[in-house]
file structure-v3.cif (mmCIF, C-alpha atoms)
data_structure
loop_
_atom_site.label_atom_id
_atom_site.label_comp_id
_atom_site.auth_asym_id
_atom_site.auth_seq_id
_atom_site.Cartn_x
_atom_site.Cartn_y
_atom_site.Cartn_z
CA MET A 1 -20.81 14.22 -15.36
CA GLU A 2 -19.43 10.72 -15.85
CA GLU A 3 -18.75 10.55 -12.13
CA LEU A 4 -22.35 11.64 -11.42
CA ARG A 5 -23.53 8.81 -13.68
CA GLN A 6 -21.36 6.37 -11.71
CA LEU A 7 -22.81 7.67 -8.45
CA ALA A 8 -26.33 7.24 -9.81
CA ARG A 9 -25.64 3.66 -10.90
CA SER A 10 -24.04 2.91 -7.53
CA ALA A 11 -27.27 4.10 -5.89
CA GLY A 12 -29.30 1.70 -8.04
CA ALA A 13 -30.61 4.18 -10.62
CA SER A 14 -30.71 3.88 -14.41
CA VAL A 15 -29.65 7.08 -16.14
CA VAL A 16 -32.08 8.04 -18.93
CA GLY A 17 -30.76 11.47 -19.88
CA SER A 18 -28.53 14.37 -18.94
CA VAL A 19 -28.42 18.15 -19.34
CA ILE A 20 -25.30 20.33 -19.08
CA GLN A 21 -25.60 24.05 -18.50
CA GLU A 22 -22.98 26.78 -18.53
CA LYS A 23 -24.27 29.66 -16.41
CA PRO A 24 -22.14 32.58 -15.16
CA ARG A 25 -24.52 33.32 -12.29
CA LEU A 26 -26.51 30.70 -10.38
CA ASP A 27 -30.23 31.35 -10.04
CA PRO A 28 -31.05 31.70 -6.30
CA ALA A 29 -34.56 30.29 -6.82
CA THR A 30 -33.90 27.24 -9.03
CA LEU A 31 -30.12 27.17 -9.59
CA ILE A 32 -30.60 26.77 -13.36
CA GLY A 33 -33.19 29.45 -14.26
CA SER A 34 -36.81 29.21 -15.39
CA GLY A 35 -36.04 28.48 -19.07
CA LYS A 36 -33.78 25.56 -18.25
CA VAL A 37 -36.31 24.28 -15.70
CA GLU A 38 -38.90 24.03 -18.51
CA GLU A 39 -36.39 22.17 -20.70
CA VAL A 40 -35.60 19.73 -17.87
CA ALA A 41 -39.32 19.20 -17.21
CA ARG A 42 -39.94 18.32 -20.88
CA LEU A 43 -36.98 15.91 -20.95
CA ALA A 44 -38.15 14.25 -17.72
CA GLU A 45 -41.59 13.76 -19.23
CA GLN A 46 -40.23 12.33 -22.48
CA THR A 47 -37.85 9.89 -20.75
CA HIS A 48 -40.29 9.00 -17.93
CA ALA A 49 -37.64 10.00 -15.40
CA GLU A 50 -38.60 9.56 -11.75
CA VAL A 51 -35.71 11.45 -10.11
CA LEU A 52 -33.65 14.52 -11.00
CA LEU A 53 -30.00 14.50 -9.89
CA PHE A 54 -27.94 17.71 -9.69
CA ASP A 55 -24.14 17.71 -9.51
CA HIS A 56 -24.28 21.03 -7.64
CA GLU A 57 -25.50 21.28 -4.05
CA LEU A 58 -29.06 22.64 -3.83
CA SER A 59 -30.34 24.96 -1.14
CA PRO A 60 -33.61 23.93 0.55
CA ILE A 61 -35.50 26.63 -1.41
CA GLN A 62 -33.99 25.57 -4.74
CA GLN A 63 -34.82 21.93 -4.08
CA ARG A 64 -38.42 22.78 -3.15
CA ASN A 65 -38.93 25.05 -6.18
CA LEU A 66 -37.50 22.49 -8.60
CA GLU A 67 -39.70 19.73 -7.25
CA GLN A 68 -42.79 21.90 -7.51
CA ALA A 69 -41.95 23.00 -11.06
CA VAL A 70 -41.00 19.57 -12.44
CA GLY A 71 -43.18 17.39 -10.20
CA ARG A 72 -40.41 14.90 -9.49
CA LYS A 73 -38.15 14.05 -6.61
CA THR A 74 -34.99 16.17 -6.83
CA LEU A 75 -31.67 15.30 -5.20
CA ASP A 76 -28.27 16.96 -5.23
CA ARG A 77 -24.84 15.33 -5.24
CA THR A 78 -24.57 15.38 -1.44
CA GLN A 79 -27.88 13.60 -0.94
CA LEU A 80 -26.95 11.02 -3.58
CA ILE A 81 -23.65 10.24 -1.85
CA LEU A 82 -25.43 10.00 1.51
CA ASP A 83 -27.84 7.50 -0.02
CA ILE A 84 -24.98 5.32 -1.31
CA PHE A 85 -23.36 5.42 2.12
CA ALA A 86 -26.66 4.32 3.67
CA ARG A 87 -26.67 1.34 1.28
CA ARG A 88 -23.07 0.36 2.00
CA ALA A 89 -22.86 0.76 5.80
CA ARG A 90 -22.76 -2.67 7.44
CA THR A 91 -21.55 -2.19 11.00
CA ARG A 92 -23.39 -0.29 13.72
CA GLU A 93 -20.60 2.28 13.72
CA GLY A 94 -20.94 2.86 9.98
CA ARG A 95 -24.71 3.20 10.19
CA LEU A 96 -24.41 5.69 13.05
CA GLN A 97 -22.01 7.84 11.08
CA VAL A 98 -24.22 7.79 7.99
CA GLU A 99 -27.29 8.67 10.05
CA LEU A 100 -25.47 11.60 11.64
CA ALA A 101 -24.54 12.98 8.22
CA GLN A 102 -28.09 12.47 6.93
CA LEU A 103 -29.64 14.25 9.90
CA ASP A 104 -27.21 17.16 9.59
CA TYR A 105 -28.28 17.45 5.96
CA LEU A 106 -31.99 17.05 6.70
CA LEU A 107 -32.27 19.51 9.58
CA PRO A 108 -32.29 22.77 7.57
CA ARG A 109 -34.55 21.15 4.94
CA LEU A 110 -37.44 20.13 7.20
CA LEU A 111 -39.76 22.98 6.29
CA GLY A 112 -41.48 23.16 2.93
CA LYS A 113 -39.96 20.11 1.27
CA GLY A 114 -43.03 19.61 -0.90
CA VAL A 115 -42.86 16.62 -3.24
CA LEU A 116 -39.94 14.97 -1.48
CA LEU A 117 -41.75 14.97 1.87
CA SER A 118 -44.87 13.44 0.39
CA ARG A 119 -43.03 10.55 -1.25
CA LEU A 120 -42.13 8.10 1.49
CA GLY A 121 -41.76 5.11 -0.83
CA GLY A 122 -38.60 3.36 -1.94
CA GLY A 123 -35.91 4.51 -4.31
CA ILE A 124 -32.75 6.54 -3.96
CA GLY A 125 -32.77 9.38 -1.48
CA THR A 126 -35.18 7.68 0.93
CA ARG A 127 -32.99 5.29 2.93
CA GLY A 128 -32.12 5.57 6.59
CA PRO A 129 -33.58 8.49 8.53
CA GLY A 130 -34.79 9.96 5.23
CA GLU A 131 -37.57 7.38 5.42
CA THR A 132 -38.44 7.41 9.10
CA LYS A 133 -37.79 10.94 10.38
CA LEU A 134 -39.14 13.25 7.68
CA GLU A 135 -41.95 14.54 9.86
CA THR A 136 -39.95 14.70 13.09
CA ASP A 137 -39.54 18.20 14.42
CA ARG A 138 -36.18 19.96 14.73
CA ARG A 139 -35.97 19.52 18.48
CA ARG A 140 -36.19 15.73 18.33
CA ILE A 141 -33.72 15.57 15.44
CA ARG A 142 -31.24 17.69 17.39
CA GLN A 143 -31.67 15.34 20.36
CA ARG A 144 -30.98 12.35 18.09
CA ILE A 145 -27.90 14.09 16.65
CA GLN A 146 -26.50 14.62 20.15
CA SER A 147 -27.24 10.99 21.05
CA ILE A 148 -25.42 9.72 17.94
CA LYS A 149 -22.44 11.98 18.65
CA ARG A 150 -22.16 10.50 22.15
CA GLU A 151 -22.24 6.96 20.75
CA ILE A 152 -19.62 7.82 18.13
CA GLU A 153 -17.41 9.31 20.85
CA ARG A 154 -17.59 5.97 22.65
CA VAL A 155 -16.45 4.35 19.40
CA ARG A 156 -13.52 6.78 19.21
CA ARG A 157 -12.46 5.85 22.75
CA THR A 158 -12.61 2.16 21.83
CA ARG A 159 -10.47 2.86 18.76
CA ARG A 160 -7.89 4.67 20.87
CA THR A 161 -7.73 1.66 23.21
CA ARG A 162 -7.23 -0.69 20.24
CA HIS A 163 -4.59 1.59 18.77
CA SER A 164 -2.77 1.61 22.10
CA GLY A 165 -2.86 -2.19 22.08
CA ARG A 166 -1.33 -2.25 18.60
CA THR A 167 1.43 0.07 19.76
CA ARG A 168 2.23 -2.24 22.65
CA ALA A 169 2.35 -5.14 20.17
CA GLU A 170 4.94 -3.16 18.17
CA ALA A 171 3.00 -3.62 14.92
CA PRO A 172 3.35 -0.63 12.57
CA VAL A 173 0.05 0.52 11.05
CA VAL A 174 -0.25 1.28 7.33
CA ALA A 175 -3.48 2.92 6.10
CA LEU A 176 -4.66 2.69 2.50
CA VAL A 177 -6.14 5.97 1.30
CA GLY A 178 -7.22 7.18 -2.10
CA TYR A 179 -9.99 8.12 -4.46
CA THR A 180 -12.98 5.81 -4.50
CA ASN A 181 -12.60 2.89 -6.94
CA ALA A 182 -8.81 3.30 -7.14
CA GLY A 183 -8.31 -0.38 -6.24
CA LYS A 184 -7.58 -0.06 -2.51
CA SER A 185 -9.66 -3.08 -1.52
CA THR A 186 -8.08 -5.28 -4.20
CA LEU A 187 -4.60 -4.23 -3.04
CA PHE A 188 -5.64 -4.82 0.59
CA SER A 189 -6.86 -8.35 -0.22
CA THR A 190 -3.71 -9.17 -2.18
CA LEU A 191 -1.30 -7.98 0.53
CA THR A 192 -3.20 -9.51 3.47
CA HIS A 193 -4.63 -12.62 1.76
CA ALA A 194 -7.98 -11.62 3.26
CA GLU A 195 -11.22 -11.09 1.41
CA ALA A 196 -12.36 -7.46 1.13
CA PRO A 197 -15.34 -6.54 -1.07
CA ALA A 198 -14.16 -5.11 -4.38
CA SER A 199 -16.33 -3.74 -7.17
CA ASP A 200 -16.35 -1.10 -9.89
CA GLN A 201 -19.14 0.63 -7.97
CA LEU A 202 -18.25 3.64 -5.85
CA PHE A 203 -17.84 3.48 -2.06
CA MET A 204 -17.76 -0.31 -1.66
CA THR A 205 -15.72 0.09 1.56
CA LEU A 206 -17.16 2.18 4.39
CA ASP A 207 -16.20 0.32 7.54
CA PRO A 208 -12.43 0.11 8.04
CA LEU A 209 -10.87 -3.35 7.83
CA VAL A 210 -7.66 -4.15 9.73
CA ARG A 211 -5.58 -7.21 8.80
CA ARG A 212 -1.97 -8.34 9.19
CA ALA A 213 0.16 -8.18 6.05
CA ARG A 214 3.30 -10.34 5.89
CA LEU A 215 6.05 -8.32 4.19
CA ALA A 216 8.97 -10.73 4.68
CA ALA A 217 9.96 -13.66 6.88
CA GLY A 218 9.05 -12.65 10.43
CA GLN A 219 8.19 -9.08 9.36
CA ALA A 220 4.60 -7.85 9.25
CA ALA A 221 2.49 -4.70 9.45
CA LEU A 222 -1.16 -3.99 10.14
CA LEU A 223 -2.96 -2.81 7.01
CA VAL A 224 -6.10 -0.65 7.26
CA ASP A 225 -8.53 -0.34 4.33
CA THR A 226 -10.53 2.90 4.56
CA VAL A 227 -13.42 4.67 2.84
CA GLY A 228 -12.60 6.13 -0.56
CA PHE A 229 -12.63 9.87 -1.14
CA ILE A 230 -14.26 11.76 -3.99
CA GLN A 231 -14.44 15.24 -5.48
CA LYS A 232 -16.69 17.55 -3.48
CA LEU A 233 -17.00 14.99 -0.68
CA PRO A 234 -19.65 16.51 1.64
CA HIS A 235 -18.16 18.14 4.72
CA SER A 236 -20.93 16.56 6.81
CA LEU A 237 -19.65 13.12 5.77
CA VAL A 238 -16.05 13.98 6.61
CA ALA A 239 -17.19 15.21 10.03
CA ALA A 240 -19.43 12.20 10.63
CA PHE A 241 -16.71 9.72 9.64
CA ARG A 242 -14.04 11.40 11.73
CA ALA A 243 -13.99 8.45 14.15
CA THR A 244 -13.29 6.07 11.29
CA LEU A 245 -10.76 8.40 9.68
CA GLU A 246 -8.78 8.53 12.92
CA GLU A 247 -7.24 5.29 11.66
CA VAL A 248 -5.61 7.42 8.97
CA THR A 249 -4.36 10.17 11.28
CA GLN A 250 -2.76 7.63 13.65
CA ALA A 251 -1.13 5.42 11.00
CA ASP A 252 2.65 5.16 10.81
CA LEU A 253 2.51 5.34 7.03
CA LEU A 254 -0.09 6.06 4.33
CA LEU A 255 -0.32 4.26 1.02
CA HIS A 256 -1.99 6.70 -1.38
CA VAL A 257 -3.47 4.36 -3.98
CA MET A 258 -4.16 6.03 -7.33
CA ASP A 259 -5.81 4.71 -10.46
CA ALA A 260 -2.97 5.21 -12.95
CA SER A 261 -5.35 4.56 -15.85
CA ALA A 262 -7.65 7.48 -14.94
CA GLU A 263 -7.36 10.50 -17.23
CA ASP A 264 -8.09 12.87 -14.32
CA MET A 265 -5.60 11.27 -11.90
CA ALA A 266 -4.13 14.67 -10.92
CA GLU A 267 -7.55 16.11 -10.05
CA ARG A 268 -8.38 13.01 -8.01
CA GLU A 269 -5.08 13.33 -6.17
CA GLU A 270 -5.95 16.93 -5.26
CA SER A 271 -9.32 15.81 -3.87
CA VAL A 272 -7.67 13.17 -1.69
CA ASN A 273 -5.05 15.64 -0.44
CA ALA A 274 -7.80 18.13 0.45
CA VAL A 275 -9.61 15.56 2.61
CA LEU A 276 -6.35 14.43 4.25
CA ASP A 277 -5.61 18.07 5.13
CA GLU A 278 -9.14 18.48 6.50
CA ILE A 279 -8.80 15.52 8.89
CA GLY A 280 -5.29 16.48 9.98
CA ALA A 281 -3.41 13.74 8.11
CA GLY A 282 -1.88 15.85 5.36
CA ASP A 283 1.60 15.65 6.86
CA ARG A 284 1.66 11.90 7.51
CA PRO A 285 4.48 9.95 5.79
CA ARG A 286 3.19 8.38 2.60
CA ILE A 287 4.01 6.32 -0.46
CA ASP A 288 2.30 6.98 -3.79
CA VAL A 289 1.07 3.67 -5.23
CA LEU A 290 0.12 3.93 -8.91
CA ASN A 291 -2.31 1.05 -9.39
CA LYS A 292 -3.89 -0.60 -12.46
CA ILE A 293 -0.72 -0.40 -14.58
CA ASP A 294 -1.86 -3.56 -16.37
CA ALA A 295 -4.11 -1.20 -18.35
CA LEU A 296 -1.17 0.99 -19.47
CA GLY A 297 1.35 0.76 -22.26
CA PRO A 298 5.16 0.94 -21.76
CA GLU A 299 5.43 4.64 -22.68
CA ARG A 300 2.75 5.70 -20.21
CA ARG A 301 4.40 3.63 -17.49
CA ARG A 302 7.79 5.25 -18.10
CA ALA A 303 6.23 8.72 -18.07
CA LEU A 304 4.52 8.05 -14.72
CA GLN A 305 7.69 6.66 -13.14
CA ASP A 306 9.75 9.61 -14.41
CA ALA A 307 7.19 12.06 -12.99
CA ARG A 308 7.06 10.23 -9.62
CA PRO A 309 10.45 8.61 -9.00
CA GLU A 310 9.50 7.89 -5.37
CA GLY A 311 6.23 6.23 -6.35
CA VAL A 312 5.61 2.53 -6.96
CA LEU A 313 3.86 1.20 -10.07
CA VAL A 314 1.73 -1.86 -9.31
CA SER A 315 -1.18 -3.93 -10.48
CA ALA A 316 -3.12 -5.25 -7.51
CA ARG A 317 -5.04 -7.49 -9.90
CA THR A 318 -2.03 -9.24 -11.51
CA GLY A 319 0.49 -8.80 -8.67
CA GLU A 320 2.99 -6.87 -10.80
CA GLY A 321 5.17 -4.52 -8.73
CA LEU A 322 4.00 -5.82 -5.35
CA ASP A 323 7.42 -7.22 -4.39
CA THR A 324 8.88 -3.75 -4.96
CA LEU A 325 6.14 -2.28 -2.78
CA ARG A 326 6.82 -4.79 0.02
CA ASP A 327 10.55 -3.99 -0.06
CA LEU A 328 9.81 -0.27 0.13
CA LEU A 329 7.44 -0.82 3.06
CA LEU A 330 10.16 -2.75 4.90
CA ARG A 331 12.57 0.16 4.44
CA ARG A 332 10.13 2.95 5.25
CA LEU A 333 8.78 1.16 8.34
CA GLU A 334 12.32 0.19 9.41
CA LEU A 335 11.34 -3.44 9.78
CA ALA A 336 14.65 -4.95 8.65
CA PRO A 337 15.92 -7.25 11.44
CA THR A 338 18.85 -5.97 13.52
CA SER A 339 20.88 -8.24 15.83
CA VAL A 340 21.14 -7.04 19.45
CA ARG A 341 22.39 -8.38 22.78
CA LEU A 342 20.27 -7.09 25.68
CA ARG A 343 20.58 -7.32 29.47
CA PHE A 344 17.60 -7.24 31.89
CA GLY A 345 16.99 -7.78 35.56
CA ALA A 346 15.45 -11.21 36.16
CA ALA A 347 12.35 -9.55 37.68
CA GLU A 348 11.67 -7.45 34.56
CA GLN A 349 9.38 -10.03 33.06
CA ARG A 350 7.22 -7.57 31.13
CA ALA A 351 10.26 -5.98 29.43
CA ILE A 352 11.66 -9.40 28.59
CA ALA A 353 8.31 -10.49 27.17
CA SER A 354 8.24 -7.39 24.94
CA VAL A 355 11.42 -8.58 23.20
CA TYR A 356 9.77 -11.92 22.42
CA THR A 357 6.74 -10.04 21.03
CA ALA A 358 8.72 -7.54 18.98
CA GLY A 359 11.35 -9.78 17.44
CA ARG A 360 12.97 -13.21 17.23
CA VAL A 361 14.92 -14.41 20.28
CA LEU A 362 18.06 -16.38 19.38
CA ALA A 363 19.41 -17.03 22.88
CA HIS A 364 18.18 -16.53 26.45
CA GLU A 365 20.70 -16.88 29.29
CA ALA A 366 20.04 -16.43 33.01
CA ASP A 367 22.99 -15.37 35.18
CA GLY A 368 21.96 -14.88 38.80
CA ASP A 369 19.60 -11.90 38.92
CA GLN A 370 20.45 -10.93 35.33
CA VAL A 371 19.06 -12.15 32.01
CA VAL A 372 20.94 -11.75 28.72
CA ILE A 373 18.99 -12.07 25.48
CA GLU A 374 20.34 -12.26 21.95
CA ALA A 375 17.63 -11.34 19.47
CA GLU A 376 16.76 -9.90 16.10
CA ILE A 377 14.41 -6.91 16.40
CA PRO A 378 13.10 -4.43 13.80
CA ALA A 379 15.46 -1.51 13.21
CA ARG A 380 12.70 0.90 14.26
CA LEU A 381 12.92 -0.44 17.85
CA VAL A 382 16.69 -0.30 18.32
CA GLU A 383 16.64 3.08 20.05
CA ARG A 384 14.02 1.84 22.53
CA TYR A 385 16.38 -0.89 23.76
CA ARG A 386 19.69 0.97 23.43
CA ALA A 387 19.96 1.44 27.19
CA ARG A 388 19.74 -2.38 27.55
CA PHE A 389 22.65 -3.18 25.26
CA ALA A 390 24.92 -5.74 26.91
#
call {"tool": "encode", "arguments": {"input": "structure-v3.cif", "output": "structure tokens"}}
result
Amino acid sequence: MEELRQLARSAGASVVGSVIQEKPRLDPATLIGSGKVEEVARLAEQTHAEVLLFDHELSPIQQRNLEQAVGRKTLDRTQLILDIFARRARTREGRLQVELAQLDYLLPRLLGKGVLLSRLGGGIGTRGPGETKLETDRRRIRQRIQSIKREIERVRRTRRTRHSGRTRAEAPVVALVGYTNAGKSTLFSTLTHAEAPASDQLFMTLDPLVRRARLAAGQAALLVDTVGFIQKLPHSLVAAFRATLEEVTQADLLLHVMDASAEDMAEREESVNAVLDEIGAGDRPRIDVLNKIDALGPERRRALQDARPEGVLVSARTGEGLDTLRDLLLRRLELAPTSVRLRFGAAEQRAIASVYTAGRVLAHEADGDQVVIEAEIPARLVERYRARFA
């Protein structure tokens, strides 16, 4: 319920009341049953509430019946999250992906939406296509969905081209993943010295940011800041953001950033793991980064480190533990410099240039039609040049 309140505030709402119900069997008509509907209607009247928010997903029939009974706009958790995403999307790619998820959600709810259809004004739950396509028939919405999917596929192809370029540049890619509001953007800004929006509101980062992070002298990696995950993240959003989340599936290493001060850290970790499995990134190499340790006492810190000996305790805000994290990244990415002596044919200019790109050249000697290079290259590239050893 606290997370639902955070979602509501992130969508611009002020919470005026809440109702919790324990019900062994969900009512197919209203989810909560007629007696509870009357109670909710009275509370909405007393508090002058304009919107009802449900943590459980509502079927089209349940949403329509609730709106008719209470006389107020009614949204479920999925629609609330979609609305926040519509607020946060800045790039064309992000807006396309949000629109696709909204249309997928809207399509089965076109008929008989009652109060919600008649209220085309502002407020949460009405952004994006929710405002402009409510009275569009299913055929035109399906056409728009197919059009968006084609545009997103073009984005995916562009991403693959960029990823190929990064591979040629020999820059390892590290993706930050984690629960929303775990401190990923703050950690990203600290490691890359680049500004990324950070806030205690949920889902501040939707569009992936890619920046170079210097880990040691002459050693760097590309860091990717990605959208945060959440419990019960709508499948339509995961599907719509698959192009963006490809950055995660193609990364050399994942940094799973966790809010160490959160009481439900284990449950949040399970939610993140579920999404990573869903997008095919569950088996990617990763480092657990326990963030916000500046809010913890010594005993709690020791307990966390004992429970996760391979994890790293950091505070992205104060910088504590970041040197340890950089050292671990250097080892896991095999970026430590290794001295090599390589021999090339004088005509192999592209291969010679790759050594200059990948490492630090100490000596370059031409001997007839042969070139001998002494260089320091990352350990991860030694095997690639083993056949060139002089």
call {"tool": "residues_around", "arguments": {"input": "structure-v3.cif", "residues": "A:Arg317", "least_positions_apart": "5", "cutoff": "10 Å", "atoms": "all atoms listed in the file", "output": "list in words"}}
result
Gly183, Thr186, Leu187, Ser189, Thr190, Asn291, Lys292, Ile293 and Asp294 of chain A
call {"tool": "closest_residue", "arguments": {"input": "structure-v3.cif", "among": "A:Leu96, A:Val371, A:Ala49, A:Leu66", "to": "A:Arg150", "atoms": "all atoms listed in the file"}}
result
A:Leu96
call {"tool": "atom_distance", "arguments": {"input": "structure-v3.cif", "atom1": "atom CA of A:Leu276", "atom2": "atom CA of A:Ala239"}}
result
12.3 Å
call {"tool": "residues_around", "arguments": {"input": "structure-v3.cif", "residues": "A:Ile81", "least_positions_apart": "2", "cutoff": "9 Å", "atoms": "only C-alpha atoms", "output": "PyMOL selection string"}}
result
chain A and resi 7-8+11+76-79+83-86+203+233-234
call {"tool": "resolve_selection", "arguments": {"input": "structure-v3.cif", "expression": "the PyMOL selection byres ((chain A and resi 33) around 12)", "output": "list in words"}}
result
Gln21, Glu22, Lys23, Pro24, Arg25, Leu26, Asp27, Pro28, Ala29, Thr30, Leu31, Ile32, Ser34, Gly35, Lys36, Val37, Glu38, Glu39, Val40, Gln62, Asn65, Leu66 and Ala69 of chain A
call {"tool": "write_last_selection", "arguments": {"input": "structure-v3.cif", "atoms": "C-alpha atoms", "output": "short mmCIF file (atom, residue, chain, number, x, y, z; two decimals), in the coordinates of the input"}}
result
data_model
loop_
_atom_site.label_atom_id
_atom_site.label_comp_id
_atom_site.auth_asym_id
_atom_site.auth_seq_id
_atom_site.Cartn_x
_atom_site.Cartn_y
_atom_site.Cartn_z
CA GLN A 21 -25.60 24.05 -18.50
CA GLU A 22 -22.98 26.78 -18.53
CA LYS A 23 -24.27 29.66 -16.41
CA PRO A 24 -22.14 32.58 -15.16
CA ARG A 25 -24.52 33.32 -12.29
CA LEU A 26 -26.51 30.70 -10.38
CA ASP A 27 -30.23 31.35 -10.04
CA PRO A 28 -31.05 31.70 -6.30
CA ALA A 29 -34.56 30.29 -6.82
CA THR A 30 -33.90 27.24 -9.03
CA LEU A 31 -30.12 27.17 -9.59
CA ILE A 32 -30.60 26.77 -13.36
CA SER A 34 -36.81 29.21 -15.39
CA GLY A 35 -36.04 28.48 -19.07
CA LYS A 36 -33.78 25.56 -18.25
CA VAL A 37 -36.31 24.28 -15.70
CA GLU A 38 -38.90 24.03 -18.51
CA GLU A 39 -36.39 22.17 -20.70
CA VAL A 40 -35.60 19.73 -17.87
CA GLN A 62 -33.99 25.57 -4.74
CA ASN A 65 -38.93 25.05 -6.18
CA LEU A 66 -37.50 22.49 -8.60
CA ALA A 69 -41.95 23.00 -11.06
#
call {"tool": "closest_residue", "arguments": {"input": "structure-v3.cif", "among": "A:Leu245, A:Ile230, A:Leu335, A:Ala13", "to": "A:Met265", "atoms": "all atoms listed in the file"}}
result
A:Ile230
call {"tool": "residues_around", "arguments": {"input": "structure-v3.cif", "residues": "A:Ala379", "least_positions_apart": "3", "cutoff": "12 Å", "atoms": "all atoms listed in the file", "output": "PyMOL selection string"}}
result
chain A and resi 170+219+330-340+358-359+375-376+382-386
call {"tool": "write_last_selection", "arguments": {"input": "structure-v3.cif", "atoms": "C-alpha atoms", "output": "CSV table (one decimal), in the frame of the given file"}}
result
chain,number,residue,atom,x,y,z
A,170,GLU,CA,4.9,-3.2,18.2
A,219,GLN,CA,8.2,-9.1,9.4
A,330,LEU,CA,10.2,-2.8,4.9
A,331,ARG,CA,12.6,0.2,4.4
A,332,ARG,CA,10.1,3.0,5.2
A,333,LEU,CA,8.8,1.2,8.3
A,334,GLU,CA,12.3,0.2,9.4
A,335,LEU,CA,11.3,-3.4,9.8
A,336,ALA,CA,14.6,-5.0,8.6
A,337,PRO,CA,15.9,-7.2,11.4
A,338,THR,CA,18.8,-6.0,13.5
A,339,SER,CA,20.9,-8.2,15.8
A,340,VAL,CA,21.1,-7.0,19.4
A,358,ALA,CA,8.7,-7.5,19.0
A,359,GLY,CA,11.4,-9.8,17.4
A,375,ALA,CA,17.6,-11.3,19.5
A,376,GLU,CA,16.8,-9.9,16.1
A,382,VAL,CA,16.7,-0.3,18.3
A,383,GLU,CA,16.6,3.1,20.0
A,384,ARG,CA,14.0,1.8,22.5
A,385,TYR,CA,16.4,-0.9,23.8
A,386,ARG,CA,19.7,1.0,23.4
call {"tool": "residues_near_point", "arguments": {"input": "structure-v3.cif", "point": "(-38.4, 13.0, -12.6)", "cutoff": "8 Å", "atoms": "all atoms listed in the file", "output": "VMD selection string"}}
result
chain A and resid 41 44 to 45 48 to 52 70 to 74
call {"tool": "resolve_selection", "arguments": {"input": "structure-v3.cif", "expression": "the PyMOL selection byres ((chain A and resi 144) around 12)", "output": "list in words"}}
result
Leu96, Glu99, Leu100, Ala101, Gln102, Leu103, Asp104, Leu107, Pro129, Lys133, Thr136, Asp137, Arg138, Arg139, Arg140, Ile141, Arg142, Gln143, Ile145, Gln146, Ser147, Ile148, Lys149, Arg150 and Glu151 of chain A
call {"tool": "atom_distance", "arguments": {"input": "structure-v3.cif", "atom1": "atom CA of A:Phe188", "atom2": "atom CA of A:Ala316"}}
result
8.5 Å
call {"tool": "atom_distance", "arguments": {"input": "structure-v3.cif", "atom1": "atom CA of A:Thr91", "atom2": "atom CA of A:Leu237"}}
result
16.3 Å
call {"tool": "closest_residue", "arguments": {"input": "structure-v3.cif", "among": "A:Gly280, A:Leu325, A:Ala175, A:Thr226", "to": "A:Leu253", "atoms": "only C-alpha atoms"}}
result
A:Ala175
call {"tool": "closest_residue", "arguments": {"input": "structure-v3.cif", "among": "A:Arg286, A:Arg388, A:Arg326, A:Arg380", "to": "A:Ile352", "atoms": "only C-alpha atoms"}}
result
A:Arg388
call {"tool": "residues_around", "arguments": {"input": "structure-v3.cif", "residues": "A:Gly345", "least_positions_apart": "5", "cutoff": "12 Å", "atoms": "only C-alpha atoms", "output": "list in words"}}
result
Arg350, Ala351, Ile352, Glu365, Ala366, Asp367, Gly368, Asp369, Gln370, Val371, Val372, Ile373, Arg388 and Ala390 of chain A
call {"tool": "write_last_selection", "arguments": {"input": "structure-v3.cif", "atoms": "C-alpha atoms", "output": "compact mmCIF listing (two decimals), keeping the file's coordinate frame"}}
result
# COMPACT_ATOMS: atom_id res chain seq x y z
CA ARG A 350 7.22 -7.57 31.13
CA ALA A 351 10.26 -5.98 29.43
CA ILE A 352 11.66 -9.40 28.59
CA GLU A 365 20.70 -16.88 29.29
CA ALA A 366 20.04 -16.43 33.01
CA ASP A 367 22.99 -15.37 35.18
CA GLY A 368 21.96 -14.88 38.80
CA ASP A 369 19.60 -11.90 38.92
CA GLN A 370 20.45 -10.93 35.33
CA VAL A 371 19.06 -12.15 32.01
CA VAL A 372 20.94 -11.75 28.72
CA ILE A 373 18.99 -12.07 25.48
CA ARG A 388 19.74 -2.38 27.55
CA ALA A 390 24.92 -5.74 26.91
call {"tool": "residues_around", "arguments": {"input": "structure-v3.cif", "residues": "A:Leu329", "least_positions_apart": "4", "cutoff": "12 Å", "atoms": "only C-alpha atoms", "output": "ChimeraX atom specification"}}
result
/A:172-175,191,213-216,219-223,252-255,285-289,311-312,322-325,333-336
call {"tool": "closest_residue", "arguments": {"input": "structure-v3.cif", "among": "A:Gln46, A:Ser14, A:Thr249, A:Gln305", "to": "A:Val275", "atoms": "only C-alpha atoms"}}
result
A:Thr249
call {"tool": "closest_residue", "arguments": {"input": "structure-v3.cif", "among": "A:Pro108, A:Val224, A:Pro309, A:Leu304", "to": "A:Ala266", "atoms": "all atoms listed in the file"}}
result
A:Leu304
